[in-house]
Amino acid sequence: MTTYLWLAAGVAVPVSAVSLLVLARAGRRALVAALLGLVVLVALTAVFDNVIVGSGIVAYDPSRILGLRIGVAPIEDFSYCVVAALALPALWVLLERRRTR
């Protein structure tokens with residue numbers, strides 16, 4: 001059975017791993033900045049996902065989630081903000097390298 005976890009992990013794990021490698025190679029400053037951004041984005045996601053899930057704007061099939069929640073938001077929903085917080089700075093680093101060549 002396809003679950004949100006498998007769908008999220010199929011993208012989140014490889015993209016996050018590659019992004020962390022790119023950021024680590026870019027230096028400690030880039031990695032720390034991205035991780036600080038990740039903390040802020042996860043905190044904001046926790047607040048606003050709880051609002052949209054709690055108010056019924058978004059609903060998840062209970063049979064397709066793990067059941068772990070932060071408030072009322074399923075844990076799987078946080079994979080998107082993790083990918084965004086890591087992939088965007090990594091892409092910035094890669095494009096900057098390309099531009100300065």
# chains A, B, ... in the order shown; residues from 1 in each chain; ligands from 1
>>> residues_around(residues="Leu7 in chain A", least_positions_apart="4", cutoff="12 Å", atoms="only C-alpha atoms", output="ChimeraX atom specification")
/A:1-3,11-13,64-65,76-77,79-80
>>> residues_around(residues="Ile52 in chain A", least_positions_apart="5", cutoff="12 Å", atoms="only C-alpha atoms", output="PyMOL selection string")
chain A and resi 45-47+57-60+71-74+77
>>> atom_distance(atom1="CA of Val22 in chain A", atom2="CA of Ala9 in chain A")
19.4 Å
>>> closest_residue(among="A:Leu68, A:Val51, A:Val15, A:Ala24", to="Val93 in chain A", atoms="only C-alpha atoms")
A:Ala24
>>> select_by_dssp(residues="chain A", states="alpha helix (DSSP H)", output="CSV table (one decimal) with N, CA and C atoms, in the first residue's frame")
chain,number,residue,atom,x,y,z
A,4,TYR,N,1.8,8.1,2.5
A,4,TYR,CA,2.5,9.4,2.4
A,4,TYR,C,3.9,9.3,2.8
A,5,LEU,N,4.3,8.4,3.7
A,5,LEU,CA,5.6,8.2,4.1
A,5,LEU,C,6.5,7.7,3.0
A,6,TRP,N,6.0,6.7,2.2
A,6,TRP,CA,6.8,6.2,1.1
A,6,TRP,C,6.9,7.2,0.0
A,7,LEU,N,5.9,8.0,-0.3
A,7,LEU,CA,5.9,9.0,-1.3
A,7,LEU,C,6.9,10.1,-0.9
A,8,ALA,N,6.9,10.5,0.3
A,8,ALA,CA,7.7,11.6,0.8
A,8,ALA,C,9.2,11.1,0.9
A,9,ALA,N,9.4,9.9,1.4
A,9,ALA,CA,10.8,9.4,1.6
A,9,ALA,C,11.4,9.1,0.2
A,10,GLY,N,10.7,8.8,-0.8
A,10,GLY,CA,11.2,8.5,-2.1
A,10,GLY,C,11.9,9.7,-2.7
A,11,VAL,N,11.4,10.9,-2.3
A,11,VAL,CA,12.0,12.1,-2.8
A,11,VAL,C,12.9,12.8,-1.6
A,12,ALA,N,12.4,12.8,-0.4
A,12,ALA,CA,13.0,13.6,0.6
A,12,ALA,C,14.4,13.0,1.0
A,13,VAL,N,14.5,11.7,1.1
A,13,VAL,CA,15.8,11.1,1.5
A,13,VAL,C,16.9,11.4,0.5
A,14,PRO,N,16.7,11.1,-0.7
A,14,PRO,CA,17.8,11.3,-1.7
A,14,PRO,C,18.1,12.8,-1.9
A,15,VAL,N,17.1,13.6,-2.0
A,15,VAL,CA,17.3,15.0,-2.2
A,15,VAL,C,18.0,15.7,-1.0
A,16,SER,N,17.6,15.3,0.2
A,16,SER,CA,18.2,15.9,1.4
A,16,SER,C,19.6,15.4,1.5
A,17,ALA,N,19.9,14.2,1.2
A,17,ALA,CA,21.3,13.6,1.3
A,17,ALA,C,22.2,14.4,0.4
A,18,VAL,N,21.8,14.5,-0.9
A,18,VAL,CA,22.6,15.2,-1.8
A,18,VAL,C,22.8,16.7,-1.4
A,19,SER,N,21.7,17.3,-1.0
A,19,SER,CA,21.8,18.7,-0.6
A,19,SER,C,22.7,18.9,0.6
A,20,LEU,N,22.7,18.0,1.6
A,20,LEU,CA,23.6,18.1,2.7
A,20,LEU,C,25.1,18.0,2.3
A,21,LEU,N,25.3,17.1,1.3
A,21,LEU,CA,26.7,16.9,0.8
A,21,LEU,C,27.1,18.2,0.1
A,22,VAL,N,26.3,18.8,-0.7
A,22,VAL,CA,26.6,20.0,-1.4
A,22,VAL,C,26.9,21.1,-0.4
A,23,LEU,N,26.0,21.3,0.6
A,23,LEU,CA,26.2,22.3,1.6
A,23,LEU,C,27.5,22.1,2.4
A,24,ALA,N,27.8,20.9,2.8
A,24,ALA,CA,29.0,20.6,3.5
A,24,ALA,C,30.2,20.9,2.8
A,25,ARG,N,30.2,20.6,1.5
A,25,ARG,CA,31.3,21.0,0.6
A,25,ARG,C,31.5,22.5,0.4
A,26,ALA,N,30.4,23.2,0.6
A,26,ALA,CA,30.4,24.6,0.4
A,26,ALA,C,31.0,25.3,1.6
A,28,ARG,N,31.3,25.3,6.3
A,28,ARG,CA,30.5,25.3,7.5
A,28,ARG,C,29.5,26.4,7.6
A,29,ARG,N,29.8,27.6,7.0
A,29,ARG,CA,28.9,28.7,7.1
A,29,ARG,C,27.6,28.4,6.3
A,30,ALA,N,27.8,27.8,5.1
A,30,ALA,CA,26.6,27.5,4.3
A,30,ALA,C,25.7,26.4,5.0
A,31,LEU,N,26.4,25.4,5.5
A,31,LEU,CA,25.7,24.4,6.2
A,31,LEU,C,24.9,24.9,7.4
A,32,VAL,N,25.6,25.7,8.3
A,32,VAL,CA,24.9,26.2,9.5
A,32,VAL,C,23.8,27.1,9.1
A,33,ALA,N,23.9,27.9,8.1
A,33,ALA,CA,22.9,28.8,7.6
A,33,ALA,C,21.6,28.0,7.2
A,34,ALA,N,21.9,27.0,6.4
A,34,ALA,CA,20.8,26.1,5.9
A,34,ALA,C,20.1,25.4,7.1
A,35,LEU,N,20.9,24.9,8.0
A,35,LEU,CA,20.3,24.2,9.2
A,35,LEU,C,19.5,25.2,10.1
A,36,LEU,N,19.9,26.4,10.2
A,36,LEU,CA,19.1,27.4,10.9
A,36,LEU,C,17.8,27.7,10.2
A,37,GLY,N,17.9,27.8,8.9
A,37,GLY,CA,16.7,28.0,8.1
A,37,GLY,C,15.8,26.8,8.2
A,38,LEU,N,16.3,25.6,8.3
A,38,LEU,CA,15.5,24.4,8.5
A,38,LEU,C,14.7,24.5,9.8
A,39,VAL,N,15.4,24.9,10.9
A,39,VAL,CA,14.7,25.0,12.2
A,39,VAL,C,13.6,26.0,12.1
A,40,VAL,N,13.8,27.1,11.5
A,40,VAL,CA,12.8,28.1,11.4
A,40,VAL,C,11.6,27.6,10.6
A,41,LEU,N,11.9,27.0,9.4
A,41,LEU,CA,10.9,26.5,8.5
A,41,LEU,C,10.1,25.4,9.2
A,42,VAL,N,10.7,24.5,9.9
A,42,VAL,CA,10.0,23.4,10.6
A,42,VAL,C,9.0,24.0,11.6
A,43,ALA,N,9.5,25.0,12.4
A,43,ALA,CA,8.7,25.7,13.4
A,43,ALA,C,7.5,26.3,12.7
A,44,LEU,N,7.7,27.1,11.7
A,44,LEU,CA,6.5,27.7,11.0
A,44,LEU,C,5.6,26.7,10.4
A,45,THR,N,6.1,25.6,9.8
A,45,THR,CA,5.3,24.5,9.3
A,45,THR,C,4.5,23.9,10.4
A,46,ALA,N,5.0,23.7,11.6
A,46,ALA,CA,4.3,23.1,12.7
A,46,ALA,C,3.1,24.0,13.0
A,47,VAL,N,3.3,25.3,13.0
A,47,VAL,CA,2.2,26.2,13.4
A,47,VAL,C,1.1,26.2,12.3
A,48,PHE,N,1.5,26.4,11.0
A,48,PHE,CA,0.5,26.6,10.0
A,48,PHE,C,-0.1,25.3,9.5
A,49,ASP,N,0.7,24.2,9.5
A,49,ASP,CA,0.1,22.9,9.2
A,49,ASP,C,-1.0,22.5,10.2
A,50,ASN,N,-0.8,22.8,11.4
A,50,ASN,CA,-1.8,22.6,12.4
A,50,ASN,C,-3.0,23.4,12.2
A,51,VAL,N,-2.9,24.6,11.7
A,51,VAL,CA,-4.0,25.4,11.4
A,51,VAL,C,-4.8,24.8,10.2
A,52,ILE,N,-4.1,24.5,9.2
A,52,ILE,CA,-4.8,24.0,8.0
A,52,ILE,C,-5.4,22.6,8.2
A,53,VAL,N,-4.7,21.8,8.9
A,53,VAL,CA,-5.2,20.4,9.1
A,53,VAL,C,-6.3,20.5,10.2
A,54,GLY,N,-6.1,21.2,11.2
A,54,GLY,CA,-7.1,21.4,12.3
A,54,GLY,C,-8.4,22.0,11.9
A,79,SER,N,8.1,16.5,5.7
A,79,SER,CA,9.2,16.2,4.8
A,79,SER,C,9.4,17.3,3.7
A,80,TYR,N,8.3,17.9,3.3
A,80,TYR,CA,8.3,18.9,2.3
A,80,TYR,C,9.1,20.1,2.7
A,81,CYS,N,8.9,20.6,3.9
A,81,CYS,CA,9.7,21.7,4.4
A,81,CYS,C,11.2,21.4,4.6
A,82,VAL,N,11.5,20.2,5.0
A,82,VAL,CA,12.9,19.7,5.2
A,82,VAL,C,13.6,19.8,3.8
A,83,VAL,N,12.9,19.2,2.8
A,83,VAL,CA,13.5,19.2,1.4
A,83,VAL,C,13.7,20.6,1.0
A,84,ALA,N,12.7,21.5,1.1
A,84,ALA,CA,12.9,22.9,0.7
A,84,ALA,C,14.0,23.6,1.4
A,85,ALA,N,14.1,23.4,2.7
A,85,ALA,CA,15.1,24.1,3.5
A,85,ALA,C,16.5,23.7,3.2
A,86,LEU,N,16.7,22.4,2.7
A,86,LEU,CA,18.0,22.0,2.3
A,86,LEU,C,18.3,22.1,0.8
A,87,ALA,N,17.3,21.8,0.0
A,87,ALA,CA,17.6,21.8,-1.5
A,87,ALA,C,17.7,23.2,-2.0
A,88,LEU,N,17.0,24.2,-1.5
A,88,LEU,CA,17.1,25.5,-2.1
A,88,LEU,C,18.5,26.1,-1.8
A,89,PRO,N,19.0,26.1,-0.6
A,89,PRO,CA,20.4,26.6,-0.4
A,89,PRO,C,21.4,25.8,-1.2
A,90,ALA,N,21.2,24.5,-1.3
A,90,ALA,CA,22.2,23.7,-2.1
A,90,ALA,C,22.1,24.1,-3.6
A,91,LEU,N,21.0,24.3,-4.1
A,91,LEU,CA,20.8,24.8,-5.5
A,91,LEU,C,21.5,26.1,-5.6
A,92,TRP,N,21.3,27.0,-4.7
A,92,TRP,CA,21.9,28.3,-4.7
A,92,TRP,C,23.4,28.2,-4.8
A,93,VAL,N,24.0,27.3,-4.0
A,93,VAL,CA,25.5,27.1,-4.0
A,93,VAL,C,25.9,26.6,-5.3
A,94,LEU,N,25.2,25.6,-5.9
A,94,LEU,CA,25.6,25.0,-7.2
A,94,LEU,C,25.5,26.1,-8.3
A,95,LEU,N,24.4,26.9,-8.3
A,95,LEU,CA,24.3,27.9,-9.3
A,95,LEU,C,25.3,29.0,-9.2
A,96,GLU,N,25.6,29.3,-8.0
A,96,GLU,CA,26.7,30.4,-7.7
A,96,GLU,C,28.0,29.9,-8.2
A,97,ARG,N,28.3,28.7,-8.0
A,97,ARG,CA,29.6,28.1,-8.5
A,97,ARG,C,29.6,28.2,-10.0
A,98,ARG,N,28.5,27.9,-10.7
A,98,ARG,CA,28.4,27.9,-12.1
A,98,ARG,C,28.6,29.3,-12.6
A,99,ARG,N,28.0,30.3,-11.9
A,99,ARG,CA,28.0,31.7,-12.4
A,99,ARG,C,29.4,32.3,-12.3
>>> select_by_dssp(residues="chain A", states="strand (DSSP E)", output="PyMOL selection string")
chain A and resi 69-70+73-74
>>> decode(residues="range 55-92 of chain A", atoms="N, CA, C and O atoms", output="PDB file, in the first residue's frame")
ATOM      1  N   SER A  55      -8.307  22.932  10.907  1.00  0.00           N
ATOM      2  CA  SER A  55      -9.517  23.598  10.432  1.00  0.00           C
ATOM      3  C   SER A  55     -10.229  22.810   9.331  1.00  0.00           C
ATOM      4  O   SER A  55     -11.311  23.185   8.904  1.00  0.00           O
ATOM      5  N   GLY A  56      -9.597  21.729   8.869  1.00  0.00           N
ATOM      6  CA  GLY A  56     -10.239  20.891   7.860  1.00  0.00           C
ATOM      7  C   GLY A  56      -9.952  21.291   6.422  1.00  0.00           C
ATOM      8  O   GLY A  56     -10.523  20.713   5.499  1.00  0.00           O
ATOM      9  N   ILE A  57      -9.088  22.268   6.212  1.00  0.00           N
ATOM     10  CA  ILE A  57      -8.743  22.672   4.852  1.00  0.00           C
ATOM     11  C   ILE A  57      -8.018  21.527   4.133  1.00  0.00           C
ATOM     12  O   ILE A  57      -8.235  21.273   2.956  1.00  0.00           O
ATOM     13  N   VAL A  58      -7.162  20.823   4.868  1.00  0.00           N
ATOM     14  CA  VAL A  58      -6.430  19.674   4.339  1.00  0.00           C
ATOM     15  C   VAL A  58      -6.737  18.485   5.245  1.00  0.00           C
ATOM     16  O   VAL A  58      -6.777  18.626   6.466  1.00  0.00           O
ATOM     17  N   ALA A  59      -6.964  17.336   4.622  1.00  0.00           N
ATOM     18  CA  ALA A  59      -7.221  16.120   5.402  1.00  0.00           C
ATOM     19  C   ALA A  59      -6.355  14.991   4.857  1.00  0.00           C
ATOM     20  O   ALA A  59      -6.004  14.976   3.678  1.00  0.00           O
ATOM     21  N   TYR A  60      -5.995  14.083   5.728  1.00  0.00           N
ATOM     22  CA  TYR A  60      -5.176  12.928   5.357  1.00  0.00           C
ATOM     23  C   TYR A  60      -5.946  11.655   5.650  1.00  0.00           C
ATOM     24  O   TYR A  60      -6.609  11.548   6.680  1.00  0.00           O
ATOM     25  N   ASP A  61      -5.847  10.690   4.753  1.00  0.00           N
ATOM     26  CA  ASP A  61      -6.455   9.388   4.953  1.00  0.00           C
ATOM     27  C   ASP A  61      -5.714   8.703   6.101  1.00  0.00           C
ATOM     28  O   ASP A  61      -4.518   8.434   5.989  1.00  0.00           O
ATOM     29  N   PRO A  62      -6.375   8.427   7.209  1.00  0.00           N
ATOM     30  CA  PRO A  62      -5.701   7.833   8.367  1.00  0.00           C
ATOM     31  C   PRO A  62      -5.010   6.500   8.070  1.00  0.00           C
ATOM     32  O   PRO A  62      -4.041   6.143   8.730  1.00  0.00           O
ATOM     33  N   SER A  63      -5.476   5.775   7.069  1.00  0.00           N
ATOM     34  CA  SER A  63      -4.857   4.492   6.743  1.00  0.00           C
ATOM     35  C   SER A  63      -3.556   4.670   5.968  1.00  0.00           C
ATOM     36  O   SER A  63      -2.827   3.704   5.745  1.00  0.00           O
ATOM     37  N   ARG A  64      -3.253   5.887   5.553  1.00  0.00           N
ATOM     38  CA  ARG A  64      -2.054   6.129   4.745  1.00  0.00           C
ATOM     39  C   ARG A  64      -0.992   6.957   5.459  1.00  0.00           C
ATOM     40  O   ARG A  64      -0.036   7.400   4.845  1.00  0.00           O
ATOM     41  N   ILE A  65      -1.189   7.199   6.746  1.00  0.00           N
ATOM     42  CA  ILE A  65      -0.173   7.918   7.524  1.00  0.00           C
ATOM     43  C   ILE A  65       0.305   7.030   8.662  1.00  0.00           C
ATOM     44  O   ILE A  65      -0.364   6.074   9.045  1.00  0.00           O
ATOM     45  N   LEU A  66       1.480   7.357   9.190  1.00  0.00           N
ATOM     46  CA  LEU A  66       2.036   6.575  10.296  1.00  0.00           C
ATOM     47  C   LEU A  66       1.206   6.703  11.563  1.00  0.00           C
ATOM     48  O   LEU A  66       1.145   5.785  12.365  1.00  0.00           O
ATOM     49  N   GLY A  67       0.615   7.856  11.748  1.00  0.00           N
ATOM     50  CA  GLY A  67      -0.124   8.115  12.973  1.00  0.00           C
ATOM     51  C   GLY A  67       0.642   9.022  13.927  1.00  0.00           C
ATOM     52  O   GLY A  67       0.081   9.509  14.895  1.00  0.00           O
ATOM     53  N   LEU A  68       1.940   9.234  13.645  1.00  0.00           N
ATOM     54  CA  LEU A  68       2.712  10.188  14.442  1.00  0.00           C
ATOM     55  C   LEU A  68       2.330  11.589  14.009  1.00  0.00           C
ATOM     56  O   LEU A  68       2.285  11.893  12.815  1.00  0.00           O
ATOM     57  N   ARG A  69       2.073  12.424  14.969  1.00  0.00           N
ATOM     58  CA  ARG A  69       1.631  13.789  14.651  1.00  0.00           C
ATOM     59  C   ARG A  69       2.355  14.800  15.519  1.00  0.00           C
ATOM     60  O   ARG A  69       2.772  14.498  16.626  1.00  0.00           O
ATOM     61  N   ILE A  70       2.489  15.977  14.972  1.00  0.00           N
ATOM     62  CA  ILE A  70       2.926  17.133  15.750  1.00  0.00           C
ATOM     63  C   ILE A  70       1.679  18.003  15.822  1.00  0.00           C
ATOM     64  O   ILE A  70       1.264  18.581  14.818  1.00  0.00           O
ATOM     65  N   GLY A  71       1.059  18.004  16.971  1.00  0.00           N
ATOM     66  CA  GLY A  71      -0.266  18.600  17.076  1.00  0.00           C
ATOM     67  C   GLY A  71      -1.231  17.707  16.315  1.00  0.00           C
ATOM     68  O   GLY A  71      -1.336  16.525  16.607  1.00  0.00           O
ATOM     69  N   VAL A  72      -1.889  18.262  15.300  1.00  0.00           N
ATOM     70  CA  VAL A  72      -2.789  17.462  14.464  1.00  0.00           C
ATOM     71  C   VAL A  72      -2.192  17.184  13.087  1.00  0.00           C
ATOM     72  O   VAL A  72      -2.778  16.459  12.293  1.00  0.00           O
ATOM     73  N   ALA A  73      -1.013  17.747  12.810  1.00  0.00           N
ATOM     74  CA  ALA A  73      -0.369  17.560  11.499  1.00  0.00           C
ATOM     75  C   ALA A  73       0.452  16.272  11.488  1.00  0.00           C
ATOM     76  O   ALA A  73       1.265  16.045  12.381  1.00  0.00           O
ATOM     77  N   PRO A  74       0.239  15.416  10.484  1.00  0.00           N
ATOM     78  CA  PRO A  74       1.019  14.181  10.409  1.00  0.00           C
ATOM     79  C   PRO A  74       2.496  14.471  10.165  1.00  0.00           C
ATOM     80  O   PRO A  74       2.849  15.430   9.470  1.00  0.00           O
ATOM     81  N   ILE A  75       3.347  13.655  10.735  1.00  0.00           N
ATOM     82  CA  ILE A  75       4.794  13.851  10.644  1.00  0.00           C
ATOM     83  C   ILE A  75       5.270  13.845   9.187  1.00  0.00           C
ATOM     84  O   ILE A  75       6.215  14.542   8.836  1.00  0.00           O
ATOM     85  N   GLU A  76       4.608  13.077   8.339  1.00  0.00           N
ATOM     86  CA  GLU A  76       5.003  13.000   6.928  1.00  0.00           C
ATOM     87  C   GLU A  76       4.922  14.361   6.237  1.00  0.00           C
ATOM     88  O   GLU A  76       5.659  14.628   5.296  1.00  0.00           O
ATOM     89  N   ASP A  77       4.029  15.207   6.698  1.00  0.00           N
ATOM     90  CA  ASP A  77       3.838  16.514   6.074  1.00  0.00           C
ATOM     91  C   ASP A  77       5.064  17.412   6.238  1.00  0.00           C
ATOM     92  O   ASP A  77       5.241  18.353   5.478  1.00  0.00           O
ATOM     93  N   PHE A  78       5.914  17.101   7.178  1.00  0.00           N
ATOM     94  CA  PHE A  78       7.093  17.928   7.424  1.00  0.00           C
ATOM     95  C   PHE A  78       8.233  17.635   6.448  1.00  0.00           C
ATOM     96  O   PHE A  78       9.186  18.394   6.355  1.00  0.00           O
ATOM     97  N   SER A  79       8.139  16.544   5.711  1.00  0.00           N
ATOM     98  CA  SER A  79       9.208  16.210   4.766  1.00  0.00           C
ATOM     99  C   SER A  79       9.364  17.282   3.689  1.00  0.00           C
ATOM    100  O   SER A  79      10.468  17.546   3.225  1.00  0.00           O
ATOM    101  N   TYR A  80       8.281  17.904   3.312  1.00  0.00           N
ATOM    102  CA  TYR A  80       8.345  18.910   2.257  1.00  0.00           C
ATOM    103  C   TYR A  80       9.140  20.134   2.682  1.00  0.00           C
ATOM    104  O   TYR A  80       9.926  20.667   1.912  1.00  0.00           O
ATOM    105  N   CYS A  81       8.948  20.571   3.905  1.00  0.00           N
ATOM    106  CA  CYS A  81       9.707  21.741   4.356  1.00  0.00           C
ATOM    107  C   CYS A  81      11.170  21.383   4.591  1.00  0.00           C
ATOM    108  O   CYS A  81      12.053  22.220   4.373  1.00  0.00           O
ATOM    109  N   VAL A  82      11.463  20.151   4.983  1.00  0.00           N
ATOM    110  CA  VAL A  82      12.853  19.727   5.153  1.00  0.00           C
ATOM    111  C   VAL A  82      13.569  19.751   3.801  1.00  0.00           C
ATOM    112  O   VAL A  82      14.673  20.286   3.673  1.00  0.00           O
ATOM    113  N   VAL A  83      12.929  19.202   2.789  1.00  0.00           N
ATOM    114  CA  VAL A  83      13.522  19.201   1.445  1.00  0.00           C
ATOM    115  C   VAL A  83      13.732  20.630   0.953  1.00  0.00           C
ATOM    116  O   VAL A  83      14.795  20.968   0.439  1.00  0.00           O
ATOM    117  N   ALA A  84      12.740  21.466   1.114  1.00  0.00           N
ATOM    118  CA  ALA A  84      12.857  22.852   0.650  1.00  0.00           C
ATOM    119  C   ALA A  84      13.975  23.589   1.368  1.00  0.00           C
ATOM    120  O   ALA A  84      14.754  24.321   0.745  1.00  0.00           O
ATOM    121  N   ALA A  85      14.074  23.396   2.681  1.00  0.00           N
ATOM    122  CA  ALA A  85      15.079  24.110   3.474  1.00  0.00           C
ATOM    123  C   ALA A  85      16.495  23.661   3.150  1.00  0.00           C
ATOM    124  O   ALA A  85      17.444  24.424   3.341  1.00  0.00           O
ATOM    125  N   LEU A  86      16.663  22.449   2.670  1.00  0.00           N
ATOM    126  CA  LEU A  86      18.002  21.962   2.325  1.00  0.00           C
ATOM    127  C   LEU A  86      18.308  22.100   0.835  1.00  0.00           C
ATOM    128  O   LEU A  86      19.418  22.463   0.448  1.00  0.00           O
ATOM    129  N   ALA A  87      17.326  21.801  -0.009  1.00  0.00           N
ATOM    130  CA  ALA A  87      17.571  21.797  -1.451  1.00  0.00           C
ATOM    131  C   ALA A  87      17.746  23.202  -2.022  1.00  0.00           C
ATOM    132  O   ALA A  87      18.579  23.410  -2.902  1.00  0.00           O
ATOM    133  N   LEU A  88      16.989  24.153  -1.532  1.00  0.00           N
ATOM    134  CA  LEU A  88      17.095  25.512  -2.081  1.00  0.00           C
ATOM    135  C   LEU A  88      18.468  26.134  -1.842  1.00  0.00           C
ATOM    136  O   LEU A  88      19.092  26.631  -2.786  1.00  0.00           O
ATOM    137  N   PRO A  89      19.020  26.087  -0.617  1.00  0.00           N
ATOM    138  CA  PRO A  89      20.377  26.619  -0.432  1.00  0.00           C
ATOM    139  C   PRO A  89      21.430  25.823  -1.209  1.00  0.00           C
ATOM    140  O   PRO A  89      22.394  26.394  -1.711  1.00  0.00           O
ATOM    141  N   ALA A  90      21.235  24.508  -1.329  1.00  0.00           N
ATOM    142  CA  ALA A  90      22.187  23.697  -2.098  1.00  0.00           C
ATOM    143  C   ALA A  90      22.149  24.094  -3.570  1.00  0.00           C
ATOM    144  O   ALA A  90      23.194  24.209  -4.225  1.00  0.00           O
ATOM    145  N   LEU A  91      20.962  24.312  -4.080  1.00  0.00           N
ATOM    146  CA  LEU A  91      20.832  24.765  -5.470  1.00  0.00           C
ATOM    147  C   LEU A  91      21.475  26.130  -5.649  1.00  0.00           C
ATOM    148  O   LEU A  91      22.152  26.385  -6.644  1.00  0.00           O
ATOM    149  N   TRP A  92      21.299  26.999  -4.683  1.00  0.00           N
ATOM    150  CA  TRP A  92      21.929  28.328  -4.712  1.00  0.00           C
ATOM    151  C   TRP A  92      23.448  28.190  -4.805  1.00  0.00           C
ATOM    152  O   TRP A  92      24.099  28.858  -5.599  1.00  0.00           O
TER     153      TRP A  92
END
